[in-house]
$ cat start01.txt   # compact mmCIF, C-alpha atoms and all ligand atoms
# COMPACT_ATOMS: atom_id res chain seq x y z
CA MET J 3 -80.62 0.02 -0.26
CA ARG J 4 -79.91 3.70 -1.00
CA LYS J 5 -76.24 4.50 -0.76
CA ILE J 6 -74.73 7.89 0.05
CA LEU J 7 -71.07 8.87 0.02
CA VAL J 8 -70.32 11.35 2.79
CA THR J 9 -66.91 12.99 2.81
CA GLY J 10 -65.35 14.47 5.95
CA GLY J 11 -67.68 12.35 8.06
CA CYS J 12 -65.22 12.06 10.96
CA GLY J 13 -65.45 15.79 11.67
CA PHE J 14 -68.02 17.67 13.71
CA MET J 15 -70.91 18.23 11.28
CA GLY J 16 -70.31 15.22 9.03
CA SER J 17 -70.35 12.86 12.01
CA ASP J 18 -73.64 14.32 13.25
CA PHE J 19 -75.15 13.86 9.79
CA ILE J 20 -73.95 10.24 9.66
CA ARG J 21 -75.24 9.40 13.16
CA TYR J 22 -78.56 11.02 12.28
CA MET J 23 -78.97 9.23 8.94
CA VAL J 24 -77.84 5.80 10.16
CA GLU J 25 -80.09 6.03 13.20
CA THR J 26 -83.20 7.30 11.41
CA SER J 27 -83.22 6.09 7.77
CA GLN J 28 -82.73 2.95 5.74
CA VAL J 29 -79.61 4.18 3.99
CA MET J 30 -76.06 2.94 3.63
CA ILE J 31 -73.47 5.59 4.42
CA VAL J 32 -69.92 5.33 3.15
CA ASN J 33 -67.64 7.85 4.84
CA LEU J 34 -64.50 8.98 2.98
CA ASP J 35 -62.26 10.92 5.33
CA LYS J 36 -58.57 11.75 5.28
CA LEU J 37 -58.35 11.86 9.09
CA THR J 38 -56.65 15.21 9.39
CA TYR J 39 -56.24 16.66 12.90
CA ALA J 40 -60.02 17.42 12.76
CA GLY J 41 -61.13 13.91 11.82
CA ASN J 42 -61.78 11.69 14.81
CA PRO J 43 -63.42 8.27 14.35
CA GLU J 44 -64.37 8.38 18.04
CA ASN J 45 -67.14 10.73 16.90
CA LEU J 46 -68.74 7.75 15.16
CA LYS J 47 -68.33 5.11 17.86
CA SER J 48 -72.10 4.77 18.23
CA VAL J 49 -72.50 3.63 14.60
CA GLU J 50 -69.19 1.96 13.77
CA GLN J 51 -70.61 -1.57 14.24
CA ASN J 52 -73.73 -0.78 12.21
CA PRO J 53 -73.77 -2.76 8.91
CA ASN J 54 -75.11 0.36 7.15
CA TYR J 55 -72.00 2.38 7.99
CA HIS J 56 -68.60 1.97 6.31
CA PHE J 57 -65.42 3.97 6.60
CA ILE J 58 -62.73 4.53 3.99
CA ARG J 59 -59.65 6.56 4.72
CA GLY J 60 -58.78 8.81 1.79
CA ASP J 61 -58.12 12.31 0.53
CA ILE J 62 -60.82 13.92 -1.63
CA ALA J 63 -58.08 15.68 -3.61
CA ASP J 64 -56.43 12.34 -4.50
CA GLN J 65 -57.89 11.57 -7.91
CA THR J 66 -56.92 7.89 -7.88
CA ALA J 67 -58.33 7.27 -4.40
CA VAL J 68 -61.58 9.10 -5.20
CA ASN J 69 -62.06 7.34 -8.54
CA GLU J 70 -61.36 3.94 -6.99
CA THR J 71 -63.74 4.59 -4.12
CA LEU J 72 -66.56 5.78 -6.31
CA ALA J 73 -66.06 3.08 -8.92
CA SER J 74 -66.04 0.29 -6.35
CA LEU J 75 -69.23 1.62 -4.77
CA ALA J 76 -70.91 2.10 -8.11
CA GLY J 77 -70.16 -1.53 -8.96
CA GLN J 78 -72.89 -2.52 -6.51
CA ALA J 79 -76.23 -0.74 -6.40
CA GLY J 80 -74.82 2.66 -7.34
CA ILE J 81 -74.49 5.80 -5.30
CA GLU J 82 -77.53 7.96 -4.96
CA ALA J 83 -75.70 11.02 -3.71
CA VAL J 84 -72.43 12.56 -2.59
CA VAL J 85 -72.48 14.96 0.37
CA ASN J 86 -69.22 16.87 0.61
CA PHE J 87 -68.48 17.93 4.20
CA ALA J 88 -64.70 17.44 3.84
CA ALA J 89 -62.84 20.69 4.33
CA GLU J 90 -60.23 22.57 6.23
CA SER J 91 -62.70 24.53 8.34
CA HIS J 92 -60.95 26.84 10.81
CA VAL J 93 -60.45 30.52 9.91
CA ASP J 94 -57.52 31.04 12.31
CA ARG J 95 -55.61 28.12 10.77
CA SER J 96 -56.23 29.54 7.28
CA ILE J 97 -54.63 32.81 8.40
CA MET J 98 -51.55 30.87 9.55
CA GLY J 99 -51.33 29.11 6.16
CA ALA J 100 -53.77 28.71 3.29
CA GLU J 101 -52.17 25.83 1.36
CA ALA J 102 -54.11 22.96 2.95
CA PHE J 103 -57.29 25.00 2.44
CA VAL J 104 -56.66 25.36 -1.30
CA HIS J 105 -55.75 21.67 -1.54
CA THR J 106 -58.85 20.29 0.14
CA ASN J 107 -61.50 22.96 -0.28
CA VAL J 108 -60.75 23.88 -3.89
CA LEU J 109 -58.88 21.01 -5.55
CA GLY J 110 -60.63 18.38 -3.43
CA THR J 111 -64.07 19.66 -4.39
CA GLN J 112 -63.17 19.69 -8.08
CA VAL J 113 -61.72 16.16 -7.97
CA LEU J 114 -64.82 14.88 -6.22
CA LEU J 115 -67.16 16.66 -8.64
CA GLU J 116 -65.33 15.27 -11.64
CA ALA J 117 -65.36 11.69 -10.35
CA ALA J 118 -69.05 11.93 -9.42
CA ARG J 119 -69.94 13.48 -12.78
CA LYS J 120 -68.15 10.73 -14.73
CA LEU J 121 -70.06 8.17 -12.73
CA GLY J 122 -73.42 9.81 -13.28
CA VAL J 123 -74.18 10.41 -9.60
CA SER J 124 -77.65 11.94 -9.43
CA ARG J 125 -77.15 14.38 -6.55
CA PHE J 126 -74.13 16.23 -5.17
CA ILE J 127 -74.50 18.40 -2.08
CA GLN J 128 -71.73 20.89 -1.40
CA ILE J 129 -71.65 21.94 2.26
CA SER J 130 -70.69 25.59 2.21
CA THR J 131 -70.83 28.48 4.61
CA ASP J 132 -72.25 31.96 5.25
CA GLU J 133 -68.64 33.20 5.31
CA VAL J 134 -68.52 33.23 1.50
CA TYR J 135 -70.77 36.35 1.54
CA GLY J 136 -68.30 38.27 3.71
CA THR J 137 -69.19 40.69 6.44
CA LEU J 138 -72.55 42.41 6.86
CA GLY J 139 -73.51 45.77 8.38
CA PRO J 140 -75.62 45.97 11.55
CA GLU J 141 -78.93 45.55 9.67
CA GLY J 142 -80.31 43.22 7.02
CA LYS J 143 -80.00 39.61 5.93
CA ILE J 144 -78.13 37.97 3.09
CA SER J 145 -80.01 36.02 0.41
CA GLU J 146 -78.62 33.35 -1.88
CA GLU J 147 -78.42 35.94 -4.69
CA SER J 148 -75.99 38.19 -2.78
CA PRO J 149 -72.48 38.59 -4.18
CA LEU J 150 -69.59 36.56 -2.78
CA ARG J 151 -67.12 38.72 -0.85
CA PRO J 152 -65.00 36.31 1.20
CA ASN J 153 -62.47 37.92 3.55
CA SER J 154 -60.44 35.07 5.05
CA PRO J 155 -58.41 32.49 3.12
CA TYR J 156 -60.85 29.88 4.49
CA ALA J 157 -63.87 31.74 3.14
CA ALA J 158 -62.12 32.42 -0.18
CA THR J 159 -61.47 28.71 -0.74
CA LYS J 160 -65.07 27.84 0.15
CA ALA J 161 -66.30 30.52 -2.29
CA ALA J 162 -64.00 29.11 -4.98
CA ALA J 163 -65.46 25.66 -4.39
CA ASP J 164 -69.00 27.06 -4.67
CA LEU J 165 -68.13 28.63 -8.02
CA ILE J 166 -66.65 25.40 -9.33
CA CYS J 167 -69.87 23.64 -8.26
CA ARG J 168 -71.87 26.28 -10.11
CA SER J 169 -69.78 25.76 -13.25
CA TYR J 170 -70.39 22.00 -13.14
CA PHE J 171 -74.11 22.64 -13.10
CA LYS J 172 -74.04 25.31 -15.84
CA THR J 173 -71.53 23.57 -18.11
CA TYR J 174 -72.34 19.89 -17.69
CA GLY J 175 -75.81 19.98 -16.16
CA PHE J 176 -74.33 18.04 -13.23
CA PRO J 177 -76.93 18.04 -10.41
CA VAL J 178 -75.13 20.05 -7.74
CA ILE J 179 -76.83 21.79 -4.82
CA ILE J 180 -74.95 24.18 -2.52
CA THR J 181 -75.97 24.77 1.09
CA ARG J 182 -74.61 27.68 3.13
CA SER J 183 -75.13 27.57 6.85
CA THR J 184 -74.38 29.84 9.76
CA ASN J 185 -72.20 28.83 12.72
CA ASN J 186 -73.04 25.36 14.00
CA PHE J 187 -72.64 24.21 17.59
CA GLY J 188 -73.20 20.96 19.45
CA PRO J 189 -71.43 17.81 20.70
CA TYR J 190 -68.16 16.60 19.12
CA GLN J 191 -67.09 20.04 17.83
CA PHE J 192 -63.32 20.39 17.75
CA PRO J 193 -62.22 22.57 20.68
CA GLU J 194 -60.60 25.22 18.49
CA LYS J 195 -63.98 26.79 17.62
CA LEU J 196 -65.54 29.37 19.94
CA ILE J 197 -68.09 27.34 21.92
CA PRO J 198 -66.13 24.13 22.61
CA LEU J 199 -62.90 26.07 23.20
CA PHE J 200 -64.53 28.36 25.74
CA VAL J 201 -66.49 25.60 27.49
CA THR J 202 -63.43 23.35 27.87
CA ASN J 203 -61.15 26.25 28.84
CA ALA J 204 -63.61 27.27 31.56
CA LEU J 205 -63.77 23.66 32.78
CA GLU J 206 -59.96 23.68 32.95
CA GLY J 207 -59.96 27.03 34.79
CA LYS J 208 -58.26 28.72 31.81
CA THR J 209 -59.19 32.13 30.39
CA LEU J 210 -61.54 32.59 27.42
CA PRO J 211 -59.71 34.61 24.71
CA LEU J 212 -62.30 36.95 23.19
CA TYR J 213 -61.09 38.64 20.00
CA GLY J 214 -61.23 42.44 19.72
CA ASP J 215 -64.18 44.11 21.47
CA GLY J 216 -66.20 40.85 21.53
CA LEU J 217 -69.03 42.52 19.62
CA ASN J 218 -68.75 40.55 16.36
CA MET J 219 -72.05 38.81 15.72
CA ARG J 220 -72.74 35.26 14.65
CA GLU J 221 -75.99 33.41 13.99
CA TRP J 222 -76.13 30.07 15.79
CA LEU J 223 -77.54 26.77 14.50
CA PHE J 224 -77.71 23.52 16.47
CA VAL J 225 -75.87 20.87 14.46
CA ARG J 226 -78.79 18.39 14.45
CA ASP J 227 -80.95 21.00 12.76
CA HIS J 228 -78.22 21.31 10.13
CA SER J 229 -78.29 17.54 9.57
CA ARG J 230 -82.07 17.66 9.16
CA ALA J 231 -81.69 20.49 6.65
CA ILE J 232 -79.26 18.44 4.56
CA GLU J 233 -81.64 15.48 4.59
CA ARG J 234 -84.41 17.81 3.40
CA VAL J 235 -82.26 19.24 0.60
CA LEU J 236 -81.28 15.72 -0.48
CA GLU J 237 -84.95 14.79 -0.75
CA LYS J 238 -86.55 17.97 -2.02
CA GLY J 239 -83.84 20.35 -3.24
CA THR J 240 -83.59 21.51 -6.86
CA SER J 241 -80.36 20.97 -8.78
CA GLY J 242 -78.34 24.12 -9.44
CA GLU J 243 -79.88 25.91 -6.44
CA ILE J 244 -78.25 27.35 -3.34
CA TYR J 245 -79.96 27.10 0.07
CA ASN J 246 -79.06 29.22 3.09
CA ILE J 247 -79.50 27.46 6.46
CA ALA J 248 -80.02 29.68 9.50
CA THR J 249 -82.10 30.37 12.58
CA GLY J 250 -82.34 34.09 13.38
CA THR J 251 -80.52 33.45 16.69
CA GLU J 252 -77.97 36.27 16.51
CA LEU J 253 -75.61 36.94 19.39
CA THR J 254 -72.44 38.91 19.92
CA ASN J 255 -69.45 36.82 20.93
CA LEU J 256 -69.54 38.55 24.31
CA GLU J 257 -73.19 37.53 24.80
CA ILE J 258 -72.52 33.90 23.95
CA THR J 259 -69.44 33.86 26.18
CA LYS J 260 -71.46 35.18 29.11
CA ALA J 261 -74.21 32.62 28.36
CA ILE J 262 -71.63 29.79 28.51
CA LEU J 263 -70.25 31.08 31.81
CA ARG J 264 -73.78 31.35 33.25
CA VAL J 265 -74.55 27.73 32.34
CA LEU J 266 -71.23 26.59 33.83
CA GLU J 267 -71.69 28.84 36.89
CA ARG J 268 -68.23 30.31 36.31
CA ASP J 269 -67.15 33.91 36.85
CA GLU J 270 -66.97 36.47 34.04
CA SER J 271 -63.45 37.32 35.21
CA LEU J 272 -62.36 34.34 33.05
CA ILE J 273 -63.00 36.50 29.96
CA GLU J 274 -59.79 37.86 28.49
CA PHE J 275 -59.99 40.38 25.65
CA VAL J 276 -57.16 39.62 23.21
CA LYS J 277 -55.84 41.05 19.95
CA ASP J 278 -58.40 40.81 17.15
CA ARG J 279 -58.31 38.22 14.35
CA PRO J 280 -57.06 39.91 11.11
CA GLY J 281 -59.86 40.47 8.58
CA HIS J 282 -62.40 39.52 11.27
CA ASP J 283 -65.93 39.62 9.79
CA ARG J 284 -68.25 41.73 11.94
CA ARG J 285 -71.55 40.03 11.28
CA TYR J 286 -73.16 37.20 9.32
CA ALA J 287 -76.95 36.84 9.08
CA LEU J 288 -78.81 34.78 6.52
CA ASP J 289 -82.24 34.88 4.95
CA TRP J 290 -83.36 31.23 4.77
CA ALA J 291 -86.87 31.69 3.31
CA LYS J 292 -85.98 29.45 0.37
CA LEU J 293 -85.24 26.47 2.61
CA ARG J 294 -88.36 27.20 4.64
CA ARG J 295 -90.31 26.71 1.42
CA LEU J 296 -88.87 23.16 1.25
CA GLY J 297 -90.48 22.53 4.62
CA TRP J 298 -87.43 22.89 6.88
CA GLY J 299 -87.26 24.98 10.02
CA PRO J 300 -84.99 24.85 13.07
CA GLN J 301 -86.46 22.75 15.88
CA ALA J 302 -83.85 23.46 18.54
CA LYS J 303 -84.38 26.13 21.19
CA PHE J 304 -81.09 28.00 21.54
CA GLU J 305 -80.89 28.24 25.37
CA GLU J 306 -81.87 24.59 25.77
CA THR J 307 -79.42 23.21 23.21
CA LEU J 308 -76.59 25.41 24.51
CA ARG J 309 -77.28 23.91 27.95
CA GLN J 310 -77.30 20.37 26.43
CA THR J 311 -74.07 21.08 24.57
CA VAL J 312 -72.31 22.38 27.69
CA ALA J 313 -73.59 19.33 29.59
CA TRP J 314 -72.20 17.06 26.86
CA TYR J 315 -68.71 18.58 27.19
CA LYS J 316 -68.91 18.25 30.97
CA GLU J 317 -69.80 14.56 30.62
CA SER J 318 -67.34 13.92 27.78
CA GLU J 319 -64.17 15.04 29.46
CA THR J 320 -62.25 11.98 28.22
CA TRP J 321 -63.18 12.85 24.62
CA TRP J 322 -62.04 16.47 24.72
CA ARG J 323 -58.96 15.87 26.87
CA ARG J 324 -57.76 13.28 24.34
CA VAL J 325 -58.44 15.79 21.53
CA LYS J 326 -56.80 18.75 23.26
CA SER J 327 -53.71 16.70 24.18
CA GLY J 328 -53.42 15.18 20.68
CA GLU J 329 -53.64 11.66 22.19
CA TYR J 330 -56.50 10.66 19.80
CA LEU J 331 -54.25 11.19 16.77
CA LYS J 332 -51.70 8.55 17.73
CA TYR J 333 -54.26 5.80 18.31
CA TYR J 334 -56.37 6.36 15.21
CA GLN J 335 -53.47 6.87 12.84
CA ALA J 336 -52.20 3.44 13.84
CA GLN J 337 -55.64 1.85 13.60
CA TYR J 338 -56.69 3.41 10.29
CA GLY J 339 -53.33 3.42 8.59
CA LYS J 340 -54.89 1.64 5.66
CA ARG J 341 -58.38 1.43 4.20
CA GLY J 342 -61.03 0.24 6.59
CA PHE J 343 -63.61 -0.88 4.05
CA ASN J 344 -63.39 -3.07 1.00
CA PRO J 345 -66.74 -2.72 -0.76
P1 LIG N 401 -64.31 19.75 10.78
O1 LIG N 401 -63.04 20.52 10.66
O2 LIG N 401 -64.82 19.38 12.14
O3 LIG N 401 -64.20 18.39 9.95
C1 LIG N 401 -63.65 18.32 8.67
C2 LIG N 401 -63.50 16.85 8.30
O4 LIG N 401 -63.01 16.79 6.96
C3 LIG N 401 -62.51 16.08 9.17
O5 LIG N 401 -63.05 14.81 9.51
C4 LIG N 401 -61.29 15.92 8.28
O6 LIG N 401 -60.51 14.77 8.57
C5 LIG N 401 -61.93 15.84 6.90
N1 LIG N 401 -61.02 16.23 5.82
C6 LIG N 401 -60.24 17.34 5.77
N2 LIG N 401 -59.54 17.34 4.62
C7 LIG N 401 -59.91 16.23 3.93
C8 LIG N 401 -59.55 15.70 2.66
N3 LIG N 401 -58.65 16.30 1.87
N4 LIG N 401 -60.13 14.55 2.27
C9 LIG N 401 -61.04 13.91 3.05
N5 LIG N 401 -61.40 14.37 4.28
C10 LIG N 401 -60.84 15.51 4.70
O7 LIG N 401 -65.39 20.60 9.99
P2 LIG N 401 -66.92 20.87 10.34
O8 LIG N 401 -67.00 21.98 11.31
O9 LIG N 401 -67.61 19.59 10.60
O10 LIG N 401 -67.40 21.47 8.94
C11 LIG N 401 -67.90 20.58 7.92
C12 LIG N 401 -68.23 21.37 6.68
O11 LIG N 401 -69.19 22.38 6.99
C13 LIG N 401 -67.03 22.13 6.07
O12 LIG N 401 -67.14 22.05 4.67
C14 LIG N 401 -67.22 23.56 6.55
O13 LIG N 401 -66.66 24.46 5.63
C15 LIG N 401 -68.72 23.66 6.59
N6 LIG N 401 -69.30 24.61 7.56
C16 LIG N 401 -68.95 24.57 8.88
C17 LIG N 401 -69.57 25.43 9.80
C18 LIG N 401 -69.27 25.34 11.28
O14 LIG N 401 -69.85 26.12 12.05
N7 LIG N 401 -68.44 24.43 11.73
C19 LIG N 401 -70.54 26.34 9.35
C20 LIG N 401 -70.87 26.36 7.98
C21 LIG N 401 -70.26 25.48 7.11
P1 LIG N 402 -65.16 30.45 15.19
O1 LIG N 402 -65.75 29.45 16.12
O2 LIG N 402 -63.72 30.34 14.83
O3 LIG N 402 -66.10 30.46 13.89
P2 LIG N 402 -66.10 31.49 12.63
O4 LIG N 402 -64.85 32.24 12.59
O5 LIG N 402 -66.21 30.51 11.51
O6 LIG N 402 -67.33 32.33 12.81
O7 LIG N 402 -65.39 31.90 15.79
C1 LIG N 402 -66.68 32.38 16.11
C2 LIG N 402 -66.52 33.81 16.55
O8 LIG N 402 -65.78 33.83 17.79
C3 LIG N 402 -65.70 34.67 15.59
O9 LIG N 402 -66.25 35.99 15.57
C4 LIG N 402 -64.31 34.69 16.19
C5 LIG N 402 -64.59 34.59 17.68
N1 LIG N 402 -63.55 33.88 18.48
C6 LIG N 402 -63.00 34.50 19.59
O10 LIG N 402 -63.36 35.64 19.96
N2 LIG N 402 -62.05 33.83 20.29
C7 LIG N 402 -61.62 32.59 19.94
O11 LIG N 402 -60.71 32.02 20.61
C8 LIG N 402 -62.21 31.95 18.81
C9 LIG N 402 -61.78 30.57 18.37
C10 LIG N 402 -63.18 32.64 18.10

$ encode --input "start01.txt" --output "structure tokens" --more "lines below"
Ligand code: NAD
Ligand code: TYD
Amino acid sequence: MRKILVTGGCGFMGSDFIRYMVETSQVMIVNLDKLTYAGNPENLKSVEQNPNYHFIRGDIADQTAVNETLASLAGQAGIEAVVNFAAESHVDRSIMGAEAFVHTNVLGTQVLLEAARKLGVSRFIQISTDEVYGTLGPEGKISEESPLRPNSPYAATKAAADLICRSYFKTYGFPVIITRSTNNFGPYQFPEKLIPLFVTNALEGKTLPLYGDGLNMREWLFVRDHSRAIERVLEKGTSGEIYNIATGTELTNLEITKAILRVLERDESLIEFVKDRPGHDRRYALDWAKLRRLGWGPQAKFEETLRQTVAWYKESETWWRRVKSGEYLKYYQAQYGKRGFNP
């Protein structure tokens, strides 16, 4: 059976990719995740008993752990691909302190690349972000050829990782592909990001802190469409290439906040304009023609999937209350204190 190592699979996007792959393909997924505050094995409850899913707790920047993991997996049928979702992913946290971002996003990516290269892994997908391009004016779209102009410490570490990936392709011919997507949304997103924070705050009767004038623009992608895009790139992508993943659904933060409140039937008086995020990028918008040529396109309708996402948070109050209170950390740190899978 094909075997794929997914890193950071207990987070928001990695867990969607794992659920999608385990449910729809004949593939064995091994998930290497450090279980930081953002990693929650509850996100994978629906597949944890599946024989094609295995979890290993480990840090991608820990050379010994990564080498051991890859070597033990390679001892069997070999790993077809590595998909690196693991990252520190929240801009506001990177502004508070960049060290963990450099550790995981830069060093972690290099350690993983090196171990995979030594083992002769035939495909390595680096999950990157539109934020590496920096901010865009009111018009136009960014192609994969555009220069990297990251503005936050988060974006800078993701850009650094992309450049290390590029060097592994150019120097060693190692088959790396980079994907850069716009803002994802959907179930299981950590409630520090705009949509889940605002939905859960509104459900709790708390205010929704909108940064600055609320007119920064983001392009929104339903997370399942992202997972489908990664599957497509795994199958059809060309080594050394970069693929933007986007939808054309551009909204100001104020528009999306009002849309959330409409779905929840809550009053706009919950909106609270607060001090802006330093270095706050005004707009991201990607040209994804290259990925379209691989046969991918977004299937989700924005209004419908926003409604579904809001409904999921309404139904999953236990999940987000445990996350917001920190309760989930105590239980899973005890349970996964040591490795969960001995291949
Ligand atoms: P997330 O914060 O929800 O999850 C990150 C996961 O990585 C967690 O499970 C965490 O435990 C794990 N992790 C962190 N450090 C690790 C380490 N050193 N070793 C092993 N595991 C570690 O993130 P997400 O929103 O799911 O984002 C996934 C990837 O997609 C990231 O690389 C991010 O940069 C990128 N991305 C995210 C978005 C978005 O809208 N969320 C958009 C574009 C790209
Ligand atoms: P976020 O979800 O943090 O994603 P990113 O910074 O990666 O785009 O933020 C999305 C947008 O929402 C961004 O322009 C910042 C803004 N925002 C707020 O206005 N208030 C908030 O509390 C948060 C978390 C974000």

$ closest_residue --input "start01.txt" --among "J:Lys326, J:Arg21, J:Arg4, J:Lys172" --to "J:Asn45" --atoms "only C-alpha atoms"
J:Arg21

$ residues_near_ligand --input "start01.txt" --ligand "ligand LIG 401 (chain N)" --cutoff "6 Å" --atoms "only C-alpha atoms and all ligand atoms" --output "PDB file with C-alpha atoms, in the coordinates of the input"
ATOM      1  CA  THR J   9     -66.910  12.990   2.810  1.00  0.00           C
ATOM      2  CA  GLY J  10     -65.350  14.470   5.950  1.00  0.00           C
ATOM      3  CA  GLY J  11     -67.680  12.350   8.060  1.00  0.00           C
ATOM      4  CA  CYS J  12     -65.220  12.060  10.960  1.00  0.00           C
ATOM      5  CA  GLY J  13     -65.450  15.790  11.670  1.00  0.00           C
ATOM      6  CA  PHE J  14     -68.020  17.670  13.710  1.00  0.00           C
ATOM      7  CA  MET J  15     -70.910  18.230  11.280  1.00  0.00           C
ATOM      8  CA  GLY J  16     -70.310  15.220   9.030  1.00  0.00           C
ATOM      9  CA  ASP J  35     -62.260  10.920   5.330  1.00  0.00           C
ATOM     10  CA  LYS J  36     -58.570  11.750   5.280  1.00  0.00           C
ATOM     11  CA  LEU J  37     -58.350  11.860   9.090  1.00  0.00           C
ATOM     12  CA  THR J  38     -56.650  15.210   9.390  1.00  0.00           C
ATOM     13  CA  ALA J  40     -60.020  17.420  12.760  1.00  0.00           C
ATOM     14  CA  GLY J  41     -61.130  13.910  11.820  1.00  0.00           C
ATOM     15  CA  GLY J  60     -58.780   8.810   1.790  1.00  0.00           C
ATOM     16  CA  ASP J  61     -58.120  12.310   0.530  1.00  0.00           C
ATOM     17  CA  ILE J  62     -60.820  13.920  -1.630  1.00  0.00           C
ATOM     18  CA  ALA J  63     -58.080  15.680  -3.610  1.00  0.00           C
ATOM     19  CA  PHE J  87     -68.480  17.930   4.200  1.00  0.00           C
ATOM     20  CA  ALA J  88     -64.700  17.440   3.840  1.00  0.00           C
ATOM     21  CA  ALA J  89     -62.840  20.690   4.330  1.00  0.00           C
ATOM     22  CA  GLU J  90     -60.230  22.570   6.230  1.00  0.00           C
ATOM     23  CA  SER J  91     -62.700  24.530   8.340  1.00  0.00           C
ATOM     24  CA  THR J 106     -58.850  20.290   0.140  1.00  0.00           C
ATOM     25  CA  ILE J 129     -71.650  21.940   2.260  1.00  0.00           C
ATOM     26  CA  SER J 130     -70.690  25.590   2.210  1.00  0.00           C
ATOM     27  CA  THR J 131     -70.830  28.480   4.610  1.00  0.00           C
ATOM     28  CA  SER J 183     -75.130  27.570   6.850  1.00  0.00           C
ATOM     29  CA  THR J 184     -74.380  29.840   9.760  1.00  0.00           C
ATOM     30  CA  ASN J 185     -72.200  28.830  12.720  1.00  0.00           C
ATOM     31  CA  ASN J 186     -73.040  25.360  14.000  1.00  0.00           C
ATOM     32  CA  PHE J 192     -63.320  20.390  17.750  1.00  0.00           C
TER      33      PHE J 192
END

$ closest_atom_pairs --input "start01.txt" --of "chain J" --to "ligand LIG 402 (chain N)" --cutoff "7 Å" --atoms "all atoms listed in the file" --output "CSV"
residue,atom,partner,partner_atom,distance
J:His92,CA,N:LIG402,O2,6.0
J:Val93,CA,N:LIG402,O4,5.4
J:Asp94,CA,N:LIG402,O2,6.7
J:Asn185,CA,N:LIG402,O6,6.0
J:Glu194,CA,N:LIG402,C9,5.5
J:Lys195,CA,N:LIG402,O1,3.5
J:Leu196,CA,N:LIG402,O1,3.8
J:Ile197,CA,N:LIG402,O1,6.6
J:Leu199,CA,N:LIG402,C9,6.7
J:Leu210,CA,N:LIG402,O11,6.9
J:Pro211,CA,N:LIG402,O11,5.0
J:Leu212,CA,N:LIG402,O10,3.6
J:Tyr213,CA,N:LIG402,O10,3.8
J:Gly216,CA,N:LIG402,O10,6.1
J:Asn218,CA,N:LIG402,O9,5.3
J:Met219,CA,N:LIG402,O9,6.5
J:Arg220,CA,N:LIG402,O6,6.4
J:Asn255,CA,N:LIG402,O8,5.7
J:His282,CA,N:LIG402,O9,6.8
J:Asp283,CA,N:LIG402,O9,6.8

$ write_last_selection --input "start01.txt" --atoms "C-alpha atoms" --output "PDB file, in the coordinates of the input"
ATOM      1  CA  HIS J  92     -60.950  26.840  10.810  1.00  0.00           C
ATOM      2  CA  VAL J  93     -60.450  30.520   9.910  1.00  0.00           C
ATOM      3  CA  ASP J  94     -57.520  31.040  12.310  1.00  0.00           C
ATOM      4  CA  ASN J 185     -72.200  28.830  12.720  1.00  0.00           C
ATOM      5  CA  GLU J 194     -60.600  25.220  18.490  1.00  0.00           C
ATOM      6  CA  LYS J 195     -63.980  26.790  17.620  1.00  0.00           C
ATOM      7  CA  LEU J 196     -65.540  29.370  19.940  1.00  0.00           C
ATOM      8  CA  ILE J 197     -68.090  27.340  21.920  1.00  0.00           C
ATOM      9  CA  LEU J 199     -62.900  26.070  23.200  1.00  0.00           C
ATOM     10  CA  LEU J 210     -61.540  32.590  27.420  1.00  0.00           C
ATOM     11  CA  PRO J 211     -59.710  34.610  24.710  1.00  0.00           C
ATOM     12  CA  LEU J 212     -62.300  36.950  23.190  1.00  0.00           C
ATOM     13  CA  TYR J 213     -61.090  38.640  20.000  1.00  0.00           C
ATOM     14  CA  GLY J 216     -66.200  40.850  21.530  1.00  0.00           C
ATOM     15  CA  ASN J 218     -68.750  40.550  16.360  1.00  0.00           C
ATOM     16  CA  MET J 219     -72.050  38.810  15.720  1.00  0.00           C
ATOM     17  CA  ARG J 220     -72.740  35.260  14.650  1.00  0.00           C
ATOM     18  CA  ASN J 255     -69.450  36.820  20.930  1.00  0.00           C
ATOM     19  CA  HIS J 282     -62.400  39.520  11.270  1.00  0.00           C
ATOM     20  CA  ASP J 283     -65.930  39.620   9.790  1.00  0.00           C
TER      21      ASP J 283
END

$ residues_near_point --input "start01.txt" --point "(-78.5, 36.6, 15.1)" --cutoff "12 Å" --atoms "all atoms listed in the file" --output "PyMOL selection string"
chain J and resi 138+140-143+184-185+218-223+248-255+257-258+284-289+304

$ atom_distance --input "start01.txt" --atom1 "atom CA of J:Val32" --atom2 "atom CA of J:Ala163"
22.1 Å

$ closest_residue --input "start01.txt" --among "J:Lys316, J:Lys47, J:Arg324, J:Lys160" --to "J:Val108" --atoms "only C-alpha atoms"
J:Lys160

$ closest_residue --input "start01.txt" --among "J:Thr311, J:Ile273, J:Leu72, J:Pro280" --to "J:Gly122" --atoms "all atoms listed in the file"
J:Leu72

$ residues_around --input "start01.txt" --residues "J:Ala231" --least-positions-apart "5" --cutoff "9 Å" --atoms "all atoms listed in the file" --output "list in words"
Arg226, Leu236, Ile247, Leu293, Trp298, Gly299 and Pro300 of chain J

$ atom_distance --input "start01.txt" --atom1 "atom CA of J:Ala291" --atom2 "atom CA of J:Val134"
18.5 Å
